[in-house]
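Enquirer: I am attaching a structure below and will ask some questions about it afterwards.
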Amino acid sequence: MILPIFSSNFSIGNSLLTLDEKSSPEGSDSLLDIAQELYLKQIVVVDHTMIGFKKCHEAFKKLNIQLIFGVKFSAANNRFDEPSLRETSHHRVIVFAKNDAGCKELVKLYSEAHTKSDGFLDYSLLKERWSDNLDLVFPFYNSFIHKNNFYGKQCLPEYSFTRPTFFVFVHGLPYDDILRTKTLDYAANHGLNVQEAHFIYYKNRKDIDAFVTYSILTDRKAGKPQTLDRPELEGMGSAEFSVESYLEKIQ
């Protein structure tokens with residue numbers, strides 16, 4: 001089974017999908033509309049922030065669709081390192097809330113990371129805050145496997161307090177097959193679970209230009225010219241992060 005994983009526009013620069021009740025005639029697609037069009041009974045939403053969680057929870061509760069909500073965190077070997085040193089181990093992890101108690105714990109974890117360590121967490125904080133109400137997942141892109149193998153980072157994950165899952169998928173990027181093989185090998189060698197997934201940031205492939213334009217406007221890299229041909233954005237070489245692509249995969 002391929003699990004669709006959505007992000008909302010509360011992840012600024014990372015999704016065009018809104019949490020509005022209806023899609024906009026001007027072109028902004030509603031995640032709520034998409035969920036109903038796909039006849040979903042359960043939806044997985046991963047955002048970079050907790051800001052949209054309340055709206056997301058209330059919207060899908062009204063539609064009688066079960067929400068599984070996760071936050072994609074910046075992680076490092078030591079969250080209190082100086083920024084230049086912390087960057088050498090910067091990678092991403094996703095923490096999911098499994099129930100109502102997990103939602104409260106996720107809020108506390110998010111608050112601590114963003115009030116005490118510039119939005120970063122590390123495995124010592126995760127271990128301290130961990131409970132059976134939470135799930136740890138490593139994303140396909142920007143995981144410690146991705147960063148160590150492709151960017152020469154020195155990420156040292158220490159997750160002995162839980163059994164994480166790895167998301168794997170293929171979205172048409174040049175290194176997908178290599179990264180997939182390395183992730184599957186790591187998971188097999190460590191006896192960890194893998195979940196086939198498909199990340200969705202917009203509805204149709206044709207939306208890629210709007211998505212890249214939006215991402216450029218919110219990225220604003222100083223001194224680096226960015227265009228649709230050369231957006232200078234990691235992972236922007238594919239139009240497959242769409243509902244359209246997901247539906248083709250499962251047919």
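The way I read the labels, and the way they are meant: chains A, B, ... in the order of the structure tokens, residue 1 as the first residue of every chain, and ligand 1 as the first ligand shown, with later ones counted on from there.
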Skipping near chain neighbours, those fewer than 4 positions away, what residues fall within 8 Å of A:Gln42 using only C-alpha atoms, listed as a PyMOL selection string?
Expert: chain A and resi 65-68
Enquirer: Using the selection just defined, write its residues with C-alpha atoms as an mmCIF file, in the first residue's frame.
Expert:
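Listed below is the output, result13.cif:
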```cif
data_model
loop_
_atom_site.group_PDB
_atom_site.id
_atom_site.type_symbol
_atom_site.label_atom_id
_atom_site.label_comp_id
_atom_site.auth_asym_id
_atom_site.auth_seq_id
_atom_site.Cartn_x
_atom_site.Cartn_y
_atom_site.Cartn_z
ATOM 1 C CA ILE A 65 -12.111 11.926 8.527
ATOM 2 C CA GLN A 66 -9.519 10.636 10.991
ATOM 3 C CA LEU A 67 -6.482 12.919 11.127
ATOM 4 C CA ILE A 68 -2.982 11.567 11.711
#
```
Enquirer: Can you pull out every residue from stretch 16-218 of chain A that DSSP, working from the backbone, puts in strand (DSSP E or B), and format the result as a PyMOL selection string?
Expert: chain A and resi 18+30+42-47+66-75+91-97+120-121+134-138+165-168+193-200+202
Enquirer: Write out as a PyMOL selection string which residues come within 12 Å of A:Leu40 when counting only C-alpha atoms, dropping same-chain ones fewer than 5 positions away.
Expert: chain A and resi 3-5+31-35+60+63-67
Enquirer: When distances are computed from only C-alpha atoms, which of A:Thr165, A:Ser84, A:Asn189, A:Asn142 shows the smallest separation from A:Phe96?
Expert: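 The answer is A:Thr165, which sits nearest to A:Phe96.
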Enquirer: Pick out the closest residue to A:Asp207 from this set: A:Val243, A:Val107, A:Lys249, A:Ser8. Count only C-alpha atoms.
Expert: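 Looking only at the distances to A:Asp207, the closest residue turns out to be A:Val243.
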